[in-house]
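Shown next: work36.tsv, given as TSV, C-alpha atoms and all ligand atoms.
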```tsv
chain	number	residue	atom	x	y	z
A	1486	MET	CA	22.59	-1.67	10.42
A	1487	GLU	CA	21.81	0.87	7.75
A	1488	THR	CA	18.41	2.52	8.21
A	1489	GLN	CA	16.59	3.07	4.91
A	1490	TYR	CA	14.78	6.39	4.55
A	1491	TRP	CA	11.79	7.06	2.30
A	1492	ARG	CA	10.33	10.54	1.96
A	1493	LEU	CA	6.66	10.36	1.00
A	1494	ASP	CA	5.02	13.17	-0.95
A	1495	GLY	CA	1.48	11.94	-1.57
A	1496	THR	CA	2.18	10.97	-5.19
A	1497	ALA	CA	2.23	7.56	-6.91
A	1498	SER	CA	5.90	7.02	-5.96
A	1499	ASP	CA	4.79	6.55	-2.34
A	1500	GLN	CA	3.46	3.12	-3.29
A	1501	ALA	CA	6.93	1.75	-4.03
A	1502	ALA	CA	8.25	3.03	-0.69
A	1503	ILE	CA	5.30	1.54	1.21
A	1504	ALA	CA	5.74	-1.77	-0.65
A	1505	ALA	CA	9.44	-1.87	0.28
A	1506	ALA	CA	8.65	-1.07	3.93
A	1507	ALA	CA	5.86	-3.70	4.00
A	1508	ALA	CA	8.27	-6.28	2.54
A	1509	LEU	CA	10.70	-5.55	5.40
A	1510	ILE	CA	7.86	-6.01	7.93
A	1511	LYS	CA	6.79	-9.31	6.32
A	1512	THR	CA	10.35	-10.64	6.53
A	1513	GLY	CA	10.75	-9.82	10.23
A	1514	GLY	CA	12.18	-6.29	10.02
A	1515	VAL	CA	11.39	-3.14	12.01
A	1516	VAL	CA	10.18	0.02	10.24
A	1517	ALA	CA	9.10	3.39	11.70
A	1518	PHE	CA	5.97	4.93	10.18
A	1519	PRO	CA	3.77	7.99	10.67
A	1520	THR	CA	0.41	7.91	12.42
A	1521	GLU	CA	-1.91	10.79	13.26
A	1522	THR	CA	-0.68	10.79	16.89
A	1523	VAL	CA	3.10	10.13	16.89
A	1524	TYR	CA	5.47	7.96	14.84
A	1525	GLY	CA	5.31	4.22	15.53
A	1526	LEU	CA	8.05	1.57	15.44
A	1527	GLY	CA	6.43	-1.31	13.59
A	1528	ALA	CA	7.01	-5.05	13.22
A	1529	ASN	CA	4.84	-8.06	12.35
A	1530	GLY	CA	2.70	-8.37	15.48
A	1531	LEU	CA	2.30	-12.12	15.03
A	1532	ASP	CA	6.07	-12.80	14.80
A	1533	ALA	CA	7.66	-12.99	18.27
A	1534	ALA	CA	11.21	-12.64	16.94
A	1535	ALA	CA	10.32	-9.49	14.98
A	1536	VAL	CA	8.54	-8.01	18.02
A	1537	GLY	CA	11.64	-8.79	20.09
A	1538	LYS	CA	13.63	-6.47	17.81
A	1539	ILE	CA	11.32	-3.56	18.74
A	1540	PHE	CA	12.05	-4.05	22.44
A	1541	ALA	CA	15.78	-4.29	21.70
A	1542	ALA	CA	15.89	-1.16	19.49
A	1543	LYS	CA	13.99	0.97	22.05
A	1544	GLY	CA	15.55	-0.49	25.18
A	1545	ARG	CA	11.97	-1.10	26.29
A	1546	PRO	CA	11.24	-3.09	29.46
A	1547	ALA	CA	9.71	-6.49	28.59
A	1548	ASP	CA	6.79	-5.91	31.02
A	1549	ASN	CA	5.40	-3.09	28.86
A	1550	PRO	CA	2.96	-4.48	26.23
A	1551	LEU	CA	2.55	-3.15	22.68
A	1552	ILE	CA	-0.44	-1.92	20.68
A	1553	LEU	CA	-1.46	-3.99	17.63
A	1554	HIS	CA	-2.34	-1.68	14.72
A	1555	VAL	CA	-4.99	-2.82	12.25
A	1556	ALA	CA	-6.61	-1.37	9.13
A	1557	SER	CA	-10.12	-2.85	9.33
A	1558	LEU	CA	-12.74	-3.94	11.86
A	1559	ALA	CA	-12.40	-7.53	10.66
A	1560	GLN	CA	-8.67	-7.49	11.39
A	1561	ALA	CA	-9.35	-6.13	14.90
A	1562	LYS	CA	-12.06	-8.70	15.58
A	1563	ALA	CA	-9.67	-11.56	14.78
A	1564	LEU	CA	-7.41	-10.45	17.65
A	1565	VAL	CA	-9.98	-10.26	20.45
A	1566	ARG	CA	-12.35	-12.72	22.11
A	1567	GLU	CA	-15.36	-10.50	22.72
A	1568	ILE	CA	-16.53	-6.98	21.95
A	1569	ASP	CA	-19.29	-5.71	24.26
A	1570	GLY	CA	-21.71	-2.86	23.48
A	1571	ASN	CA	-19.39	-0.15	24.82
A	1572	ALA	CA	-16.41	-1.36	22.81
A	1573	GLU	CA	-18.57	-1.67	19.71
A	1574	ARG	CA	-19.85	1.91	20.08
A	1575	LEU	CA	-16.35	3.30	20.66
A	1576	MET	CA	-15.02	1.49	17.58
A	1577	GLN	CA	-17.89	2.80	15.45
A	1578	ALA	CA	-17.47	6.36	16.71
A	1579	PHE	CA	-13.69	6.77	16.79
A	1580	TRP	CA	-12.03	4.27	14.41
A	1581	PRO	CA	-9.99	4.94	12.46
A	1582	GLY	CA	-8.57	7.39	15.02
A	1583	PRO	CA	-6.45	8.05	18.12
A	1584	LEU	CA	-8.22	5.48	20.33
A	1585	THR	CA	-6.71	2.19	21.57
A	1586	LEU	CA	-9.01	-0.44	23.08
A	1587	VAL	CA	-7.80	-3.04	25.57
A	1588	LEU	CA	-9.80	-6.27	25.11
A	1589	LYS	CA	-9.45	-9.98	25.92
A	1590	LYS	CA	-6.99	-11.48	23.47
A	1591	THR	CA	-7.32	-14.53	21.25
A	1592	ASP	CA	-4.72	-17.30	21.10
A	1593	GLY	CA	-1.95	-16.86	18.57
A	1594	ILE	CA	-0.82	-13.41	19.73
A	1595	PRO	CA	2.77	-13.78	20.97
A	1596	ASP	CA	3.20	-13.30	24.74
A	1597	CYS	CA	5.88	-10.66	24.18
A	1598	VAL	CA	3.27	-8.40	22.51
A	1599	THR	CA	0.97	-8.47	25.54
A	1600	ALA	CA	3.70	-8.85	28.18
A	1601	GLY	CA	1.99	-12.06	29.26
A	1602	LEU	CA	-1.38	-10.37	29.99
A	1603	ASP	CA	-4.63	-12.01	28.83
A	1604	THR	CA	-5.63	-8.73	27.15
A	1605	VAL	CA	-4.41	-7.01	24.00
A	1606	ALA	CA	-4.40	-3.33	22.97
A	1607	VAL	CA	-5.77	-2.70	19.45
A	1608	ARG	CA	-5.90	0.50	17.37
A	1609	TRP	CA	-6.91	1.43	13.82
A	1610	PRO	CA	-4.87	4.58	13.07
A	1611	ASP	CA	-6.30	7.44	11.00
A	1612	HIS	CA	-3.33	8.00	8.71
A	1613	PRO	CA	-3.12	7.00	5.04
A	1614	VAL	CA	0.50	5.81	5.27
A	1615	ALA	CA	-0.10	3.72	8.39
A	1616	GLN	CA	-3.21	2.21	6.82
A	1617	ALA	CA	-1.46	1.40	3.53
A	1618	LEU	CA	1.50	-0.16	5.35
A	1619	ILE	CA	-0.76	-2.43	7.43
A	1620	GLN	CA	-2.81	-3.42	4.37
A	1621	VAL	CA	0.17	-4.20	2.16
A	1622	ALA	CA	2.01	-6.07	4.94
A	1623	GLY	CA	-1.20	-8.07	5.48
A	1624	VAL	CA	-0.57	-8.51	9.22
A	1625	PRO	CA	-1.40	-6.55	12.37
A	1626	ILE	CA	1.57	-4.29	13.11
A	1627	ALA	CA	2.85	-4.12	16.68
A	1628	ALA	CA	4.10	-0.60	17.29
A	1629	PRO	CA	5.10	1.48	20.28
A	1630	SER	CA	6.09	5.11	19.81
A	1631	ALA	CA	9.35	5.27	17.82
A	1632	ASN	CA	11.54	6.84	20.54
A	1633	LEU	CA	14.25	5.37	22.72
A	1634	SER	CA	12.59	4.30	25.98
A	1635	GLY	CA	12.23	7.34	28.28
A	1636	ARG	CA	12.57	9.98	25.51
A	1637	PRO	CA	9.67	12.08	24.19
A	1638	SER	CA	7.68	10.37	21.42
A	1639	PRO	CA	8.75	11.48	17.93
A	1640	THR	CA	6.32	13.59	15.92
A	1641	ASP	CA	8.39	13.76	12.74
A	1642	ALA	CA	10.87	11.54	10.89
A	1643	GLN	CA	13.89	13.63	11.97
A	1644	ASP	CA	13.08	12.99	15.63
A	1645	VAL	CA	12.73	9.25	14.83
A	1646	LEU	CA	16.16	9.22	13.17
A	1647	ALA	CA	17.71	11.12	16.09
A	1648	ASP	CA	16.87	8.13	18.32
A	1649	MET	CA	16.71	5.17	15.93
A	1650	SER	CA	19.19	5.70	13.08
A	1651	GLY	CA	21.29	2.53	12.72
A	1652	LEU	CA	19.00	0.57	15.07
A	1653	ILE	CA	16.07	-0.18	12.72
A	1654	ASP	CA	15.56	-1.23	9.09
A	1655	GLY	CA	13.76	1.85	7.80
A	1656	VAL	CA	11.73	5.04	8.29
A	1657	LEU	CA	8.76	6.20	6.23
A	1658	ASP	CA	8.69	10.01	6.37
A	1659	GLY	CA	5.10	11.22	6.09
A	1660	GLY	CA	5.63	14.67	7.57
A	1661	ARG	CA	4.62	15.90	11.00
A	1662	ALA	CA	2.08	14.04	13.13
A	1663	GLN	CA	-1.09	16.11	13.52
A	1664	VAL	CA	-2.25	15.25	17.05
A	1665	GLY	CA	1.15	15.23	18.75
A	1666	VAL	CA	0.29	13.10	21.80
A	1667	GLU	CA	-0.44	9.37	21.77
A	1668	SER	CA	-3.80	7.64	21.48
A	1669	THR	CA	-6.26	7.38	24.36
A	1670	VAL	CA	-6.02	3.87	25.86
A	1671	VAL	CA	-9.38	2.57	27.14
A	1672	ASP	CA	-9.81	-0.74	28.96
A	1673	CYS	CA	-13.08	-2.29	27.76
A	1674	THR	CA	-12.78	-5.62	29.59
A	1675	GLY	CA	-15.14	-4.63	32.43
A	1676	PRO	CA	-18.69	-3.22	32.63
A	1677	THR	CA	-17.48	0.43	32.64
A	1678	PRO	CA	-14.79	1.63	30.22
A	1679	VAL	CA	-11.66	2.86	32.02
A	1680	VAL	CA	-9.21	5.39	30.55
A	1681	LEU	CA	-5.72	4.03	31.26
A	1682	ARG	CA	-3.96	6.79	29.31
A	1683	PRO	CA	-5.59	10.06	28.20
A	1684	GLY	CA	-4.82	10.92	24.59
A	1685	GLY	CA	-6.09	12.11	21.24
A	1686	ILE	CA	-9.77	11.23	21.89
A	1687	THR	CA	-11.01	13.36	24.78
A	1688	LEU	CA	-12.80	12.10	27.89
A	1689	GLU	CA	-15.77	14.30	26.95
A	1690	ALA	CA	-16.02	12.63	23.51
A	1691	LEU	CA	-15.88	9.13	25.07
A	1692	GLU	CA	-18.59	10.06	27.61
A	1693	ALA	CA	-20.81	11.41	24.83
A	1694	GLU	CA	-20.75	7.93	23.24
A	1695	VAL	CA	-21.00	5.56	26.20
A	1696	GLY	CA	-22.07	7.62	29.22
A	1697	VAL	CA	-20.00	6.84	32.29
A	1698	VAL	CA	-16.24	6.47	31.74
A	1699	GLU	CA	-13.77	6.02	34.60
A	1700	LEU	CA	-10.22	7.31	34.87
A	1701	ASP	CA	-7.52	4.98	36.17
A	1702	PRO	CA	-6.89	6.38	39.69
A	1703	ALA	CA	-3.13	6.20	39.04
A	1704	LEU	CA	-3.52	9.13	36.59
A	1705	SER	CA	-3.69	11.47	39.61
A	1706	GLY	CA	0.07	11.04	39.94
A	1707	ASP	CA	-0.26	9.23	43.29
A	1708	LYS	CA	2.88	7.08	43.29
A	1709	THR	CA	1.33	4.51	45.67
A	1710	ILE	CA	-1.19	3.39	42.98
A	1711	THR	CA	0.09	1.07	40.24
A	1712	PRO	CA	-1.22	2.10	36.80
A	1713	LYS	CA	-3.18	-0.52	34.84
A	1714	ALA	CA	-1.30	0.37	31.65
A	1715	PRO	CA	2.19	-0.88	32.49
A	1716	GLY	CA	3.81	1.86	30.38
A	1717	MET	CA	2.28	4.61	32.51
A	1718	LYS	CA	4.54	3.79	35.45
A	1719	TYR	CA	7.73	4.73	33.63
A	1720	ARG	CA	9.17	8.24	33.61
A	1721	HIS	CA	8.65	9.43	30.07
A	1722	TYR	CA	9.13	12.42	27.89
A	1723	ALA	CA	11.73	14.06	30.12
A	1724	PRO	CA	14.02	16.75	28.70
A	1725	LYS	CA	17.60	16.75	30.00
A	1726	ALA	CA	17.33	19.97	32.04
A	1727	PRO	CA	15.04	20.15	35.10
A	1728	LEU	CA	11.54	21.31	34.14
A	1729	TRP	CA	8.85	23.07	36.18
A	1730	VAL	CA	5.20	23.36	35.15
A	1731	VAL	CA	3.20	26.39	36.26
A	1732	GLU	CA	-0.59	25.96	36.17
A	1733	GLY	CA	-3.73	27.89	36.99
A	1734	ALA	CA	-5.22	31.36	36.56
A	1735	HIS	CA	-2.09	33.26	37.61
A	1736	ALA	CA	0.42	31.05	35.79
A	1737	PRO	CA	1.85	33.81	33.56
A	1738	GLU	CA	2.67	36.16	36.49
A	1739	ARG	CA	4.15	33.39	38.61
A	1740	LEU	CA	6.17	32.07	35.68
A	1741	LEU	CA	7.64	35.54	35.02
A	1742	GLU	CA	8.69	35.83	38.69
A	1743	MET	CA	10.37	32.43	38.58
A	1744	VAL	CA	12.16	33.21	35.32
A	1745	ASN	CA	13.50	36.54	36.63
A	1746	LYS	CA	14.82	34.86	39.77
A	1747	GLN	CA	16.58	32.11	37.77
A	1748	LEU	CA	18.12	34.66	35.37
A	1749	LEU	CA	19.50	36.61	38.35
A	1750	SER	CA	21.13	33.46	39.69
A	1751	GLY	CA	22.87	32.98	36.33
A	1752	ARG	CA	20.85	30.08	34.89
A	1753	ARG	CA	20.24	29.65	31.17
A	1754	VAL	CA	16.46	29.72	31.20
A	1755	GLY	CA	14.23	27.98	28.64
A	1756	ALA	CA	10.47	28.63	28.53
A	1757	LEU	CA	7.59	26.86	26.74
A	1758	VAL	CA	4.78	29.40	26.83
A	1759	SER	CA	1.77	30.92	25.09
A	1760	ILE	CA	2.14	33.82	22.63
A	1761	GLU	CA	0.71	36.17	25.26
A	1762	THR	CA	3.21	35.14	27.94
A	1763	ALA	CA	6.12	35.12	25.46
A	1764	GLU	CA	5.53	38.84	24.87
A	1765	ARG	CA	6.10	39.51	28.58
A	1766	LEU	CA	9.29	37.48	28.99
A	1767	PRO	CA	12.57	39.37	29.57
A	1768	GLU	CA	15.51	39.31	27.14
A	1769	GLY	CA	17.78	36.30	27.17
A	1770	VAL	CA	15.18	33.59	27.72
A	1771	ILE	CA	15.27	30.69	25.22
A	1772	THR	CA	11.61	30.80	24.30
A	1773	PHE	CA	9.40	28.30	22.47
A	1774	VAL	CA	5.80	29.27	21.80
A	1775	TYR	CA	2.97	26.71	21.53
A	1776	GLY	CA	0.02	28.95	20.51
A	1777	SER	CA	-2.61	31.15	22.16
A	1778	ARG	CA	-2.96	30.87	25.94
A	1779	GLY	CA	-5.06	27.83	26.90
A	1780	ASP	CA	-5.05	26.22	23.43
A	1781	ALA	CA	-4.57	22.61	24.55
A	1782	ALA	CA	-4.62	21.14	21.03
A	1783	ALA	CA	-1.84	23.51	19.97
A	1784	LEU	CA	0.20	22.57	23.05
A	1785	ALA	CA	-0.37	18.86	22.28
A	1786	GLU	CA	0.83	19.30	18.71
A	1787	ALA	CA	3.99	21.14	19.81
A	1788	LEU	CA	4.86	19.52	23.15
A	1789	TYR	CA	7.17	16.61	22.26
A	1790	ARG	CA	8.85	18.49	19.43
A	1791	LEU	CA	9.66	21.41	21.74
A	1792	LEU	CA	10.75	19.22	24.68
A	1793	ARG	CA	13.25	17.63	22.27
A	1794	ALA	CA	14.23	21.06	20.92
A	1795	PHE	CA	15.19	22.24	24.45
A	1796	ASP	CA	17.80	19.47	24.53
A	1797	ARG	CA	19.51	21.11	21.54
A	1798	THR	CA	19.81	24.48	23.37
A	1799	PRO	CA	22.11	25.49	26.26
A	1800	ALA	CA	19.12	25.94	28.59
A	1801	ASN	CA	19.77	24.38	32.01
A	1802	TRP	CA	16.52	25.34	33.75
A	1803	LEU	CA	13.14	24.97	32.05
A	1804	VAL	CA	9.64	26.17	32.76
A	1805	ALA	CA	6.37	25.48	30.92
A	1806	GLU	CA	3.01	27.23	31.09
A	1807	GLY	CA	0.19	24.73	31.69
A	1808	VAL	CA	-3.35	24.68	30.27
A	1809	GLY	CA	-6.68	23.60	31.79
A	1810	GLU	CA	-7.71	19.93	31.83
A	1811	ALA	CA	-10.78	20.19	29.57
A	1812	GLY	CA	-10.66	18.46	26.18
A	1813	MET	CA	-7.12	17.76	24.97
A	1814	GLY	CA	-5.85	19.42	28.16
A	1815	LEU	CA	-6.21	16.16	30.10
A	1816	ALA	CA	-3.74	14.33	27.84
A	1817	VAL	CA	-1.32	17.16	27.36
A	1818	MET	CA	-1.13	18.00	31.09
A	1819	ASN	CA	-0.62	14.29	31.89
A	1820	ARG	CA	2.43	14.29	29.58
A	1821	LEU	CA	3.73	17.69	30.70
A	1822	ARG	CA	3.50	16.88	34.42
A	1823	LYS	CA	5.30	13.59	33.84
A	1824	ALA	CA	7.98	15.32	31.77
A	1825	ALA	CA	8.48	17.63	34.75
A	1826	GLY	CA	8.82	14.69	37.13
A	1827	TRP	CA	5.73	16.17	38.91
A	1828	GLN	CA	7.51	19.48	39.73
A	1829	ILE	CA	4.28	21.49	39.56
A	1830	ILE	CA	3.44	25.01	40.76
A	1831	ARG	CA	-0.32	25.54	41.11
A	1832	THR	CA	-1.50	29.16	41.18
B	1	LIG	O1	-0.74	6.81	19.58
B	1	LIG	C1	-0.26	5.73	19.98
B	1	LIG	O2	-0.87	4.98	20.76
B	1	LIG	C2	1.15	5.38	19.49
B	1	LIG	C3	1.10	5.16	17.99
B	1	LIG	C4	2.40	4.69	17.43
B	1	LIG	O3	0.05	4.29	17.67
B	1	LIG	N1	1.63	4.21	20.18
B	1	LIG	C5	2.01	4.22	21.48
B	1	LIG	O4	2.50	3.01	21.94
B	1	LIG	O5	1.93	5.20	22.19
B	1	LIG	P1	3.29	2.86	23.30
B	1	LIG	O6	3.79	1.47	23.29
B	1	LIG	O7	4.30	3.94	23.42
B	1	LIG	O8	2.20	2.98	24.42
B	1	LIG	C6	1.22	1.96	24.59
B	1	LIG	C7	0.60	2.06	25.96
B	1	LIG	C8	1.58	1.73	27.06
B	1	LIG	O9	1.32	2.56	28.18
B	1	LIG	C9	1.22	0.26	27.37
B	1	LIG	O10	1.58	-0.11	28.69
B	1	LIG	C10	-0.28	0.26	27.16
B	1	LIG	O11	-0.48	1.09	26.04
B	1	LIG	N2	-0.80	-1.10	26.86
B	1	LIG	C11	-0.51	-1.88	25.79
B	1	LIG	N3	-1.14	-3.06	25.88
B	1	LIG	C12	-1.84	-3.05	27.04
B	1	LIG	C13	-2.71	-3.99	27.71
B	1	LIG	N4	-2.96	-5.19	27.22
B	1	LIG	N5	-3.26	-3.62	28.90
B	1	LIG	C14	-3.02	-2.39	29.42
B	1	LIG	N6	-2.21	-1.46	28.83
B	1	LIG	C15	-1.63	-1.79	27.67
B	2	MG	MG	5.64	5.36	24.09
```

Write-out of the structure in structure tokens:
Amino acid sequence: METQYWRLDGTASDQAAIAAAAALIKTGGVVAFPTETVYGLGANGLDAAAVGKIFAAKGRPADNPLILHVASLAQAKALVREIDGNAERLMQAFWPGPLTLVLKKTDGIPDCVTAGLDTVAVRWPDHPVAQALIQVAGVPIAAPSANLSGRPSPTDAQDVLADMSGLIDGVLDGGRAQVGVESTVVDCTGPTPVVLRPGGITLEALEAEVGVVELDPALSGDKTITPKAPGMKYRHYAPKAPLWVVEGAHAPERLLEMVNKQLLSGRRVGALVSIETAERLPEGVITFVYGSRGDAAALAEALYRLLRAFDRTPANWLVAEGVGEAGMGLAVMNRLRKAAGWQIIRT
């Protein structure tokens, strides 16, 4: 299959590209598109055969449900049976934006979208291209992140093409995704909202709107607890070389010790670190810098891009400097610890 590629530049010519992509979606095709979080792999969410092509292209397990993307409250409301006060407040506060709500689904949503669950995940993305595509297609768009299953989510069109070229009908290139990690998934089917996946809307921001918010206990990394978001049980985001995460107040010193030891034993060392730590690293380390020490939003923006970049270097031992769990830190440390297969050094 030849994958069509449209570069968008914010001018009137974008409309023709979006119309062509929407026409592919309406006729059962699969098109990757930018959102504010990561790129999505979209198909008509009401067409089971089209949704099946997403699972095939990604190699995604059939038990992992998809998010339906909408471009209005009315379109969201048609997909769900009831919206309680908490869900209503979260929609008002954070849509359009990096928040996905899990709600009871209406009939007419194909079982393959929801993996047979009686709930559906819905999100209104805050990105002009995503919104235009959904509007012109005129249907909710089912879209997981546009990576091969198990790879880091793509944050630009080049990373989409690296995984998906030849496997999908087209890619809309809208530049780099701003947030860099996926949306926050919140289950609103019970009395208290539960975060199933931390993401672009912080826990603090959710609590400011609705008071008490729970975290799915599986987010602790305890392997004996099954996550409520089926996708959270899979190993994700992993680079090819083994990765260690160093966290806590003395992370820079400990990381430097570890790097020196690995260099002495002849390893090709790669490091994902703050500017401050980068300045202290010895010669010969393949270094990627995320931003100032502790800047969780900067690490979120850079994380997937740099995990993919390590795979294009000869590094065969990787280390990353962690950040605290406040704000965006909760989401970014969830992804980083998973990418490391829970090889964590706490200092
Ligand atoms: O930012 C995002 O959310 C991106 C962009 C493209 O919108 N999408 C994304 O989709 O990350 P995906 O498929 O990679 O992750 C969706 C997550 C998975 O962990 C999935 O198991 C969970 O949401 N999920 C979907 N429907 C669910 C449901 N009904 N109940 C519980 N979890 C659900
Ligand atoms: Mg994904």

Neighbours of ligand LIG 1 (chain B) at 8 Å or closer, counting only C-alpha atoms and all ligand atoms: which residues, as number ranges by chain? A: 1519-1526, 1549-1552, 1554, 1583-1585, 1587-1588, 1598-1600, 1602-1608, 1610, 1628-1631, 1638, 1666-1670, 1672, 1681-1682, 1684-1685, 1713-1717

Please return, as an NGL selection string, all polymer residues that have at least one atom within 12 Å of the point (-17.5, 1.3, 29.0); use all atoms listed in the file and the file's own coordinate frame. :A and (1568-1576 or 1586-1588 or 1671-1680 or 1688 or 1691-1700)

Nearby residues (all atoms listed in the file) at most 6 Å from region 1809-1815 of chain A, same-chain spacing under 5 positions excluded, as an mmCIF file with C-alpha atoms, in the coordinates of the input:
```cif
data_model
loop_
_atom_site.group_PDB
_atom_site.id
_atom_site.type_symbol
_atom_site.label_atom_id
_atom_site.label_comp_id
_atom_site.auth_asym_id
_atom_site.auth_seq_id
_atom_site.Cartn_x
_atom_site.Cartn_y
_atom_site.Cartn_z
ATOM 1 C CA THR A 1687 -11.010 13.360 24.780
ATOM 2 C CA ALA A 1781 -4.570 22.610 24.550
ATOM 3 C CA ALA A 1782 -4.620 21.140 21.030
#
```

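The gap separating CA of Asp1596 (chain A) from CA of Thr1709 (chain A) is 27.5 Å, in Å to one decimal.
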
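Of the listed residues (A:Gly1659, A:Gly1779, A:Pro1712, A:Gly1527), A:Gly1659 comes nearest to Gly1495 (chain A); the distances count only C-alpha atoms.
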
CA of Ala1662 (chain A) to CA of Glu1786 (chain A) measures 7.8 Å

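Residues in contact range of region 1545-1548 of chain A, defined as at most 6 Å between all atoms listed in the file, with sequence neighbours fewer than 2 positions away removed, read A:Phe1540, A:Lys1543, A:Ala1600, A:Ser1634.
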
Restrict the selected residues to C-alpha atoms and save them as a JSON list (two decimals), in the coordinates of the input.
```json
[["chain", "number", "residue", "atom", "x", "y", "z"],
["A", 1540, "PHE", "CA", 12.05, -4.05, 22.44],
["A", 1543, "LYS", "CA", 13.99, 0.97, 22.05],
["A", 1600, "ALA", "CA", 3.70, -8.85, 28.18],
["A", 1634, "SER", "CA", 12.59, 4.30, 25.98]]
```

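Here CA of Ser1557 (chain A) is placed at a distance of 22.9 Å from CA of Ala1497 (chain A).
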
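Using only C-alpha atoms and all ligand atoms, the nearest neighbour of ligand MG 2 (chain B) within the list A:Gln1616, A:Ser1498, A:Ser1705, A:Asn1632 is A:Asn1632.
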
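With all atoms listed in the file as the atoms that count, the minimum distance from Leu1784 (chain A) to the choices A:Leu1757, A:Ala1535, A:Val1621, A:Leu1553 is reached by A:Leu1757.
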
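Considering all atoms listed in the file, the residue among A:Leu1704, A:Val1758, A:Val1731, A:Leu1633 positioned nearest to ligand MG 2 (chain B) is A:Leu1633.
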
Find the residues around Ala1528 (chain A) up to 9 Å (only C-alpha atoms counted), leave out those fewer than 2 positions away in its own chain, and share them as a PyMOL selection string. chain A and resi 1509-1511+1513-1517+1526+1530-1532+1535-1536+1538-1539+1625-1628

Could you please take those selected residues and save C-alpha atoms as a PDB file, in the coordinates of the input?
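The result, written out as out_2.pdb:
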```pdb
ATOM      1  CA  LEU A1509      10.700  -5.550   5.400  1.00  0.00           C
ATOM      2  CA  ILE A1510       7.860  -6.010   7.930  1.00  0.00           C
ATOM      3  CA  LYS A1511       6.790  -9.310   6.320  1.00  0.00           C
ATOM      4  CA  GLY A1513      10.750  -9.820  10.230  1.00  0.00           C
ATOM      5  CA  GLY A1514      12.180  -6.290  10.020  1.00  0.00           C
ATOM      6  CA  VAL A1515      11.390  -3.140  12.010  1.00  0.00           C
ATOM      7  CA  VAL A1516      10.180   0.020  10.240  1.00  0.00           C
ATOM      8  CA  ALA A1517       9.100   3.390  11.700  1.00  0.00           C
ATOM      9  CA  LEU A1526       8.050   1.570  15.440  1.00  0.00           C
ATOM     10  CA  GLY A1530       2.700  -8.370  15.480  1.00  0.00           C
ATOM     11  CA  LEU A1531       2.300 -12.120  15.030  1.00  0.00           C
ATOM     12  CA  ASP A1532       6.070 -12.800  14.800  1.00  0.00           C
ATOM     13  CA  ALA A1535      10.320  -9.490  14.980  1.00  0.00           C
ATOM     14  CA  VAL A1536       8.540  -8.010  18.020  1.00  0.00           C
ATOM     15  CA  LYS A1538      13.630  -6.470  17.810  1.00  0.00           C
ATOM     16  CA  ILE A1539      11.320  -3.560  18.740  1.00  0.00           C
ATOM     17  CA  PRO A1625      -1.400  -6.550  12.370  1.00  0.00           C
ATOM     18  CA  ILE A1626       1.570  -4.290  13.110  1.00  0.00           C
ATOM     19  CA  ALA A1627       2.850  -4.120  16.680  1.00  0.00           C
ATOM     20  CA  ALA A1628       4.100  -0.600  17.290  1.00  0.00           C
TER      21      ALA A1628
END
```

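Of the listed residues A:Arg1752, A:Ala1556, A:Leu1646, A:Arg1820, the one whose atoms come nearest to ligand MG 2 (chain B) is A:Arg1820, with distances taken using all atoms listed in the file.
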
Ligand MG 2 (chain B) proximity check over A:Pro1613, A:Leu1493, A:Pro1639, A:Cys1597, using only C-alpha atoms and all ligand atoms: winner is A:Pro1639

I'd like the contact shell of Ala1506 (chain A) - 8 Å cut-off, all atoms listed in the file, skipping same-chain residues fewer than 2 positions apart - returned as a ChimeraX atom specification. /A:1502-1504,1508-1510,1516,1618,1655,1657

Could those residues be written to a file, using C-alpha atoms, as a short mmCIF file (atom, residue, chain, number, x, y, z; two decimals), in the frame of the given file?
```cif
data_model
loop_
_atom_site.label_atom_id
_atom_site.label_comp_id
_atom_site.auth_asym_id
_atom_site.auth_seq_id
_atom_site.Cartn_x
_atom_site.Cartn_y
_atom_site.Cartn_z
CA ALA A 1502 8.25 3.03 -0.69
CA ILE A 1503 5.30 1.54 1.21
CA ALA A 1504 5.74 -1.77 -0.65
CA ALA A 1508 8.27 -6.28 2.54
CA LEU A 1509 10.70 -5.55 5.40
CA ILE A 1510 7.86 -6.01 7.93
CA VAL A 1516 10.18 0.02 10.24
CA LEU A 1618 1.50 -0.16 5.35
CA GLY A 1655 13.76 1.85 7.80
CA LEU A 1657 8.76 6.20 6.23
#
```
